[in-house]
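One file, model_24.txt, is given below (compact mmCIF, C-alpha atoms).
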```txt
# COMPACT_ATOMS: atom_id res chain seq x y z
CA MET A 1 6.42 -13.39 17.64
CA SER A 2 9.37 -12.96 19.96
CA SER A 3 11.59 -13.81 17.01
CA ILE A 4 10.61 -10.72 15.02
CA GLY A 5 13.74 -8.84 16.04
CA ARG A 6 16.08 -11.72 15.26
CA THR A 7 14.43 -12.44 11.92
CA LEU A 8 14.44 -8.90 10.60
CA GLY A 9 17.67 -7.31 11.72
CA ARG A 10 18.27 -3.72 12.75
CA ASP A 11 17.94 -2.03 9.37
CA VAL A 12 14.45 -3.28 8.59
CA LEU A 13 13.30 -2.65 12.16
CA ARG A 14 14.59 0.92 11.95
CA ASP A 15 12.75 1.47 8.64
CA ILE A 16 9.57 0.12 10.19
CA ALA A 17 10.02 2.47 13.15
CA VAL A 18 10.42 5.44 10.79
CA THR A 19 7.27 4.40 8.94
CA CYS A 20 5.32 4.06 12.18
CA LEU A 21 6.54 7.51 13.22
CA ALA A 22 5.26 8.92 9.91
CA VAL A 23 1.93 7.15 10.56
CA LEU A 24 1.84 8.77 14.01
CA PHE A 25 2.29 12.21 12.46
CA ILE A 26 -0.46 11.60 9.93
CA GLY A 27 -2.62 10.33 12.82
CA LEU A 28 -2.02 13.64 14.61
CA SER A 29 -3.47 15.52 11.66
CA TYR A 30 -6.38 13.08 11.45
CA GLY A 31 -7.36 13.54 15.09
CA ALA A 32 -7.00 17.31 14.81
CA THR A 33 -9.05 17.42 11.61
CA ALA A 34 -11.82 15.35 13.21
CA ILE A 35 -12.07 17.68 16.21
CA ALA A 36 -11.94 20.76 13.98
CA SER A 37 -14.80 19.27 11.94
CA GLY A 38 -16.97 19.09 15.05
CA PHE A 39 -16.62 15.44 16.04
CA PRO A 40 -16.19 14.37 19.67
CA LEU A 41 -12.93 12.65 20.67
CA TRP A 42 -14.41 9.16 20.67
CA VAL A 43 -15.13 9.24 16.93
CA PRO A 44 -11.52 9.43 15.70
CA ALA A 45 -10.43 7.26 18.65
CA ALA A 46 -12.86 4.44 17.82
CA GLN A 47 -12.42 4.77 14.05
CA SER A 48 -8.64 4.62 14.22
CA VAL A 49 -8.74 1.36 16.23
CA LEU A 50 -11.69 -0.36 14.54
CA VAL A 51 -11.16 0.67 10.92
CA LEU A 52 -7.38 1.16 10.99
CA ALA A 53 -7.21 2.48 7.43
CA GLY A 54 -6.29 6.15 7.29
CA ALA A 55 -7.52 7.32 3.90
CA SER A 56 -11.01 5.88 4.38
CA GLU A 57 -11.29 7.47 7.84
CA PHE A 58 -10.33 10.90 6.51
CA LEU A 59 -12.94 10.44 3.79
CA PHE A 60 -15.64 9.34 6.25
CA ILE A 61 -15.01 12.34 8.52
CA GLY A 62 -14.94 14.69 5.53
CA ILE A 63 -18.21 13.49 4.00
CA VAL A 64 -20.12 13.45 7.30
CA ALA A 65 -18.75 16.87 8.29
CA ALA A 66 -19.91 18.25 4.93
CA GLY A 67 -23.44 17.10 5.77
CA GLY A 68 -23.35 13.77 3.95
CA ASN A 69 -25.16 10.65 5.13
CA PRO A 70 -22.88 8.51 7.38
CA LEU A 71 -23.93 5.36 5.54
CA ALA A 72 -22.97 6.91 2.21
CA ALA A 73 -19.70 7.97 3.84
CA ALA A 74 -19.15 4.37 5.00
CA LEU A 75 -19.72 3.06 1.48
CA ALA A 76 -17.26 5.60 0.08
CA GLY A 77 -14.75 4.48 2.69
CA LEU A 78 -15.32 0.84 1.77
CA LEU A 79 -14.60 1.64 -1.85
CA VAL A 80 -11.27 3.11 -0.76
CA ASN A 81 -10.54 0.00 1.32
CA ALA A 82 -11.46 -2.54 -1.36
CA ARG A 83 -7.75 -2.80 -2.26
CA HIS A 84 -7.29 -4.90 0.89
CA LEU A 85 -8.89 -7.83 -0.91
CA PRO A 86 -6.13 -8.14 -3.53
CA TYR A 87 -3.61 -7.52 -0.71
CA GLY A 88 -4.90 -10.63 1.06
CA LEU A 89 -4.75 -12.58 -2.18
CA ALA A 90 -1.12 -11.65 -2.75
CA LEU A 91 0.20 -12.34 0.74
CA PRO A 92 -0.24 -16.00 1.65
CA ASP A 93 0.61 -17.47 5.01
CA ILE A 94 1.42 -14.13 6.52
CA THR A 95 -1.06 -13.96 9.35
CA GLY A 96 -0.45 -17.50 10.45
CA PRO A 97 0.01 -21.01 9.13
CA ASP A 98 -2.21 -21.75 6.16
CA ILE A 99 -5.68 -22.53 7.47
CA THR A 100 -5.89 -25.51 5.17
CA GLY A 101 -2.49 -26.73 6.34
CA PRO A 102 -1.75 -29.27 9.05
CA ARG A 103 -1.14 -26.65 11.76
CA VAL A 104 -4.08 -24.54 12.76
CA THR A 105 -2.50 -22.44 15.51
CA GLY A 106 -3.13 -19.41 13.37
CA ARG A 107 -6.85 -19.91 13.57
CA GLY A 108 -7.68 -18.04 16.73
CA TRP A 109 -7.03 -14.51 17.92
CA ARG A 110 -3.70 -14.36 16.12
CA ARG A 111 -5.35 -14.68 12.74
CA MET A 112 -7.99 -12.11 13.74
CA VAL A 113 -5.38 -9.56 14.77
CA GLY A 114 -3.17 -10.43 11.82
CA THR A 115 -6.07 -9.81 9.46
CA HIS A 116 -6.95 -6.51 11.12
CA VAL A 117 -3.41 -5.09 10.85
CA MET A 118 -3.35 -5.57 7.07
CA ASN A 119 -2.65 -2.13 5.65
CA ASP A 120 -0.58 -0.42 2.97
CA GLU A 121 2.48 -0.20 5.19
CA SER A 122 2.48 -3.75 6.58
CA VAL A 123 1.81 -5.18 3.11
CA VAL A 124 4.56 -3.21 1.43
CA PHE A 125 7.11 -4.17 4.12
CA ALA A 126 6.15 -7.83 3.78
CA LEU A 127 6.52 -7.55 0.03
CA ALA A 128 10.00 -6.07 0.39
CA GLN A 129 11.39 -9.08 2.29
CA ASP A 130 12.89 -12.05 0.48
CA ASP A 131 11.72 -15.11 2.39
CA LEU A 132 8.52 -16.12 4.15
CA PRO A 133 9.81 -15.80 7.75
CA GLY A 134 11.09 -12.32 6.89
CA LYS A 135 7.80 -11.37 5.24
CA ARG A 136 5.83 -12.61 8.21
CA ALA A 137 8.01 -10.83 10.78
CA ALA A 138 7.98 -7.55 8.82
CA TYR A 139 4.22 -7.77 8.39
CA TRP A 140 3.63 -8.26 12.10
CA ALA A 141 6.17 -5.67 13.26
CA CYS A 142 4.79 -2.99 10.96
CA GLY A 143 1.17 -4.01 11.46
CA LEU A 144 1.37 -3.90 15.24
CA GLY A 145 3.38 -0.67 15.09
CA VAL A 146 0.66 0.96 13.01
CA LEU A 147 -1.99 -0.47 15.34
CA ILE A 148 -0.33 1.50 18.16
CA CYS A 149 0.82 4.61 16.29
CA TRP A 150 -2.26 5.39 14.20
CA PRO A 151 -4.78 5.46 17.10
CA GLY A 152 -2.13 7.00 19.37
CA GLY A 153 -1.53 9.79 16.89
CA ALA A 154 -5.25 10.30 16.31
CA VAL A 155 -6.04 10.65 20.03
CA LEU A 156 -3.03 12.89 20.59
CA GLY A 157 -4.02 15.03 17.61
CA ALA A 158 -7.58 15.29 18.88
CA LEU A 159 -6.27 16.43 22.28
CA ILE A 160 -3.85 19.06 21.01
CA GLY A 161 -6.30 20.02 18.30
CA SER A 162 -5.68 22.93 16.00
CA ALA A 163 -1.97 23.15 16.85
CA VAL A 164 -1.26 20.39 14.33
CA HIS A 165 -4.06 21.17 11.91
CA ASP A 166 -1.83 22.51 9.13
CA THR A 167 0.25 19.45 8.35
CA GLY A 168 1.08 20.82 4.92
CA ALA A 169 3.50 23.30 6.49
CA PHE A 170 5.73 20.42 7.58
CA GLY A 171 5.36 18.48 4.37
CA LEU A 172 3.82 15.56 6.27
CA ASP A 173 1.43 14.88 3.39
CA ALA A 174 4.43 13.92 1.23
CA MET A 175 5.53 11.27 3.73
CA PHE A 176 2.97 8.55 3.03
CA PRO A 177 3.51 8.38 -0.76
CA ALA A 178 7.27 8.61 -0.23
CA VAL A 179 7.23 5.70 2.24
CA ILE A 180 5.29 3.46 -0.14
CA LEU A 181 7.37 4.51 -3.15
CA ALA A 182 10.66 3.85 -1.36
CA LEU A 183 9.50 0.34 -0.49
CA ILE A 184 8.36 -0.65 -3.99
CA VAL A 185 11.48 0.74 -5.72
CA PRO A 186 13.28 -2.66 -5.62
CA ASP A 187 10.32 -4.23 -7.45
CA LEU A 188 10.29 -1.39 -9.98
CA ARG A 189 13.83 -2.24 -11.07
CA ASP A 190 12.26 -5.14 -12.98
CA ARG A 191 11.47 -3.56 -16.36
CA MET A 192 8.12 -5.24 -16.94
CA THR A 193 6.91 -4.51 -13.43
CA LEU A 194 7.98 -0.88 -13.87
CA GLN A 195 6.06 -0.59 -17.13
CA ALA A 196 2.97 -2.14 -15.60
CA ALA A 197 3.22 0.07 -12.50
CA LEU A 198 3.59 3.22 -14.61
CA ALA A 199 0.64 2.19 -16.78
CA GLY A 200 -1.46 1.49 -13.68
CA ALA A 201 -0.52 4.81 -12.12
CA ALA A 202 -1.44 6.61 -15.36
CA VAL A 203 -4.83 4.87 -15.46
CA ALA A 204 -5.52 5.81 -11.83
CA LEU A 205 -4.52 9.44 -12.39
CA ALA A 206 -6.60 9.73 -15.55
CA ALA A 207 -9.64 8.30 -13.74
CA THR A 208 -9.32 10.41 -10.58
CA PRO A 209 -11.27 13.47 -11.83
CA PHE A 210 -14.23 11.31 -12.84
CA LEU A 211 -14.56 8.45 -10.36
CA PRO A 212 -15.24 8.32 -6.61
CA ALA A 213 -12.17 7.97 -4.35
CA GLY A 214 -10.72 4.47 -4.20
CA LEU A 215 -12.01 3.31 -7.58
CA PRO A 216 -9.12 4.81 -9.63
CA VAL A 217 -6.56 2.79 -7.63
CA LEU A 218 -8.54 -0.42 -8.23
CA LEU A 219 -8.87 0.44 -11.91
CA ALA A 220 -5.06 0.47 -12.08
CA LEU A 221 -5.22 -3.33 -11.84
CA VAL A 222 -6.00 -3.47 -15.59
CA ALA A 223 -2.24 -2.92 -15.98
CA VAL A 224 -1.68 -6.51 -14.84
CA LEU A 225 -3.42 -7.83 -17.99
CA PRO A 226 -0.41 -7.36 -20.33
CA LEU A 227 1.67 -9.32 -17.80
CA LEU A 228 -0.85 -12.17 -17.93
CA ARG A 229 -0.37 -12.40 -21.68
CA GLN A 230 3.34 -11.69 -21.92
CA ARG A 231 4.94 -13.64 -19.13
CA PRO A 232 3.94 -17.17 -20.13
CA SER A 233 4.68 -16.56 -23.83
CA ALA A 234 8.00 -14.96 -22.90
CA VAL A 235 8.95 -18.06 -20.95
CA THR A 236 7.88 -20.27 -23.85
CA ALA A 237 9.93 -18.19 -26.28
CA GLU A 238 12.96 -18.48 -24.04
CA ALA A 239 12.57 -22.23 -23.73
CA GLY A 240 12.03 -22.56 -27.46
CA ALA A 241 15.05 -20.45 -28.33
CA THR A 242 17.44 -22.77 -26.55
CA ALA A 243 17.83 -26.37 -27.61
CA GLU A 244 17.12 -27.86 -24.20
CA PRO A 245 14.16 -26.51 -22.33
CA GLY A 246 15.79 -27.18 -18.99
CA ALA A 247 18.93 -25.20 -19.73
CA VAL A 248 19.29 -21.63 -18.55
CA PRO A 249 21.84 -20.06 -20.92
CA LYS A 250 21.45 -16.34 -21.42
CA SER A 251 23.33 -15.73 -24.67
CA GLY A 252 21.41 -14.00 -27.43
CA ALA A 253 21.49 -17.34 -29.24
CA THR A 254 18.88 -16.73 -31.89
CA PRO A 255 19.57 -13.51 -33.80
CA LYS A 256 16.62 -14.12 -36.12
CA SER A 257 14.02 -13.94 -33.35
CA GLY A 258 14.12 -10.15 -33.45
CA ALA A 259 14.80 -7.60 -30.75
CA THR A 260 11.47 -7.34 -28.98
CA PRO A 261 10.59 -10.95 -28.26
CA GLU A 262 14.12 -11.61 -27.16
CA ALA A 263 14.07 -8.70 -24.75
CA ASP A 264 10.73 -9.88 -23.42
CA GLY A 265 12.10 -13.35 -23.07
CA LYS A 266 14.99 -12.11 -21.02
CA SER A 267 13.03 -9.99 -18.58
CA GLY A 268 10.31 -12.63 -18.41
CA GLU A 269 12.83 -15.29 -17.53
CA GLN A 270 14.42 -13.06 -14.97
CA SER A 271 11.22 -12.25 -13.16
CA VAL A 272 9.76 -15.73 -13.24
CA GLY A 273 13.04 -17.19 -12.08
CA ALA A 274 15.01 -16.35 -8.96
CA ARG A 275 13.70 -13.18 -7.44
CA MET B 1 -22.36 16.03 14.79
CA LYS B 2 -26.02 15.64 13.98
CA ASP B 3 -27.24 12.11 14.50
CA THR B 4 -25.00 10.08 16.79
CA THR B 5 -26.78 6.78 16.13
CA LEU B 6 -26.45 7.11 12.39
CA VAL B 7 -22.77 8.03 12.71
CA VAL B 8 -22.17 4.95 14.89
CA VAL B 9 -23.92 2.75 12.34
CA GLY B 10 -21.79 4.28 9.58
CA MET B 11 -18.61 3.70 11.58
CA ALA B 12 -19.58 0.09 12.32
CA THR B 13 -20.36 -0.50 8.64
CA LEU B 14 -17.00 0.88 7.57
CA ALA B 15 -15.13 -1.14 10.23
CA ALA B 16 -16.94 -4.43 9.52
CA GLY B 17 -16.74 -4.04 5.75
CA THR B 18 -13.04 -3.22 5.86
CA TYR B 19 -12.38 -6.28 8.00
CA ALA B 20 -14.37 -8.39 5.52
CA PHE B 21 -12.17 -7.13 2.67
CA ARG B 22 -9.03 -7.96 4.68
CA LEU B 23 -10.29 -11.44 5.44
CA SER B 24 -11.85 -12.44 2.12
CA GLY B 25 -8.67 -12.11 0.06
CA GLN B 26 -6.89 -14.51 2.42
CA LEU B 27 -9.78 -16.96 2.47
CA LEU B 28 -9.91 -16.97 -1.33
CA ARG B 29 -6.18 -17.53 -1.39
CA ALA B 30 -6.50 -20.52 0.93
CA ARG B 31 -9.32 -22.08 -1.11
CA ILE B 32 -7.71 -21.82 -4.51
CA SER B 33 -4.31 -23.32 -5.17
CA PHE B 34 -2.24 -21.01 -7.33
CA PRO B 35 0.60 -22.09 -9.59
CA PRO B 36 3.88 -20.32 -8.75
CA ARG B 37 3.56 -17.98 -11.72
CA ALA B 38 0.18 -16.74 -10.48
CA GLY B 39 1.84 -15.88 -7.18
CA LYS B 40 4.32 -13.69 -9.03
CA LEU B 41 1.48 -12.06 -10.94
CA LEU B 42 -0.42 -11.35 -7.72
CA GLU B 43 2.72 -9.76 -6.31
CA ALA B 44 3.01 -7.64 -9.46
CA ALA B 45 -0.66 -6.69 -9.04
CA THR B 46 0.09 -5.51 -5.51
CA VAL B 47 3.01 -3.42 -6.74
CA ILE B 48 0.69 -1.89 -9.36
CA LEU B 49 -1.92 -1.09 -6.69
CA LEU B 50 0.71 0.51 -4.48
CA ALA B 51 2.19 2.48 -7.39
CA ALA B 52 -1.28 3.79 -8.25
CA LEU B 53 -1.73 4.70 -4.59
CA VAL B 54 1.57 6.61 -4.65
CA ALA B 55 0.59 8.46 -7.84
CA THR B 56 -2.89 9.43 -6.64
CA THR B 57 -1.88 10.43 -3.11
CA ALA B 58 1.11 12.40 -4.43
CA LEU B 59 -0.59 14.21 -7.30
CA THR B 60 -4.26 14.53 -6.42
CA GLU B 61 -6.42 15.94 -3.66
CA GLY B 62 -10.10 15.07 -3.95
CA HIS B 63 -10.78 15.10 -7.69
CA GLY B 64 -8.17 17.75 -8.53
CA PHE B 65 -4.46 18.50 -8.60
CA SER B 66 -2.73 18.54 -5.23
CA GLY B 67 -0.38 21.40 -6.12
CA PHE B 68 3.34 21.16 -6.89
CA ALA B 69 4.92 20.96 -3.43
CA ARG B 70 3.75 17.46 -2.47
CA PRO B 71 4.58 15.62 -5.74
CA ALA B 72 7.93 17.43 -5.84
CA GLY B 73 8.69 16.10 -2.36
CA VAL B 74 7.63 12.58 -3.34
CA LEU B 75 9.74 12.81 -6.52
CA VAL B 76 12.83 13.79 -4.52
CA GLY B 77 12.14 10.86 -2.19
CA GLY B 78 11.70 8.53 -5.16
CA VAL B 79 14.96 9.58 -6.80
CA LEU B 80 16.83 9.13 -3.51
CA ALA B 81 15.26 5.69 -3.04
CA TRP B 82 16.24 4.70 -6.59
CA ARG B 83 19.82 5.73 -5.78
CA LYS B 84 19.61 3.54 -2.67
CA ALA B 85 19.65 6.30 -0.08
CA PRO B 86 18.71 5.20 3.46
CA PHE B 87 14.96 4.98 4.10
CA LEU B 88 15.01 7.66 6.81
CA VAL B 89 16.76 10.08 4.41
CA VAL B 90 14.13 9.37 1.74
CA VAL B 91 11.20 10.09 4.05
CA ILE B 92 12.68 13.20 5.63
CA ALA B 93 13.84 14.58 2.27
CA ALA B 94 10.33 14.15 0.84
CA ALA B 95 8.71 16.02 3.74
CA ALA B 96 11.42 18.68 3.87
CA THR B 97 11.22 19.36 0.13
CA ALA B 98 7.46 19.84 0.28
CA ALA B 99 7.73 22.02 3.39
CA LEU B 100 10.52 24.20 1.97
CA LEU B 101 8.70 24.66 -1.34
CA ARG B 102 5.61 25.81 0.56
CA LEU B 103 7.75 28.10 2.69
CA ALA B 104 9.02 29.60 -0.57
CA GLY B 105 5.44 30.19 -1.69
CA VAL B 106 5.05 27.20 -4.03
CA ARG B 107 1.70 25.47 -3.50
```

As structure tokens, what does this structure read like?
Amino acid sequence: MSSIGRTLGRDVLRDIAVTCLAVLFIGLSYGATAIASGFPLWVPAAQSVLVLAGASEFLFIGIVAAGGNPLAAALAGLLVNARHLPYGLALPDITGPDITGPRVTGRGWRRMVGTHVMNDESVVFALAQDDLPGKRAAYWACGLGVLICWPGGAVLGALIGSAVHDTGAFGLDAMFPAVILALIVPDLRDRMTLQAALAGAAVALAATPFLPAGLPVLLALVAVLPLLRQRPSAVTAEAGATAEPGAVPKSGATPKSGATPEADGKSGEQSVGAR
Amino acid sequence: MKDTTLVVVGMATLAAGTYAFRLSGQLLRARISFPPRAGKLLEAATVILLAALVATTALTEGHGFSGFARPAGVLVGGVLAWRKAPFLVVVIAAAATAALLRLAGVR
């Protein structure tokens, strides 16, 4: 892990630091909210270390403070955190060498910590890097940064209390979505990914008034279904359009194939190929 | 806080369950061998999840509308990010836009 700095370079490290600072600010408001809701200091302190997933902790505190059953609050929080399962599916070999691989050094405490620091920020930074060493270094740097900043902010916020209660005045609530959005923008430049992301976001927004928190975001995954159907056929169409399947020419060679399949073929090729 | 024991049990449930979610995706991934295209699809699925997270955290609060200030701030940040502005500028611009709008009375 000493190679994190060398692998990532200054720019990525600075971005991670900014993100961790934003997490610290949100943690301040979390700790303050918990105290204002009548919880003792150890509740936000323990939650922030052991759960390490902000939205679900806010929800837990909110439901219990409103008189809800803590077990029901835990289930609601788990629903919010269910997105970590697809995160783990999408990010292989991040927390250590593959456990089925020849090296098993990632089996012990390193894998445990690496699993625990999986969160929106560490995942999105890993996603934004090009190669596996970069992904792994970004994941660890951001994950460990959040592991320090989120509980640190929560405890600090609980200690200073109501002074930081109104985070809206500083626009801090706009920081988290802006951080995530900024980091997925490079992926959204791919037209098909953008369409799928917009469709998923629309599904989640439409479902929000009717479903418990966390479920709308999971429901957005239906937007991946068109990609399942289109990408393979797009690749096939591309291969079929050119005489040799192995060739990679990009001229609009077959005018008869029509505009739509050709466009799909192009973006499909692009995203399946070098990216 | 009413019942400390029950709250502790709730906290432990949330912590253990969240860890189980974090672990199970990776374990599944290690068990099943994915073709390269499935890897790309899983990455697209993650982008979709994150985009939905951006949309819901920017536009909604509970089951309702969050007000205009926050999504306006996120939109400004998004436009700046699209135009390849530095990350720090994006984040500060988003927060500052929301804060200034609220200062001006926009909720």

Residues of chain A within 6 Å of chain B, only C-alpha atoms counted, as a ChimeraX atom specification: /A:39,50-51,70-71,74,84-86,88-90,115,169-172,174-175,177-178,182,197,200-201,204-205,208-209,217,224

Between atom CA of A:Phe176 and atom CA of A:Leu8 - distance in Å to one decimal: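 Computing the Euclidean distance for atom CA of A:Leu8 and atom CA of A:Phe176 yields 22.2 Å.
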
Shell of 8 Å around A:Leu183, only C-alpha atoms, local chain residues under 6 positions omitted, as a ChimeraX atom specification: /A:124-125,128

Point-to-point distance in Å for atom CA of A:Leu13 and atom CA of A:Ala196: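 Computing the Euclidean distance for atom CA of A:Ala196 and atom CA of A:Leu13 yields 29.6 Å.
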
Interatomic distance, atom CA of A:Ser56 to atom CA of A:Ile148 (Å, one decimal): 18.0 Å
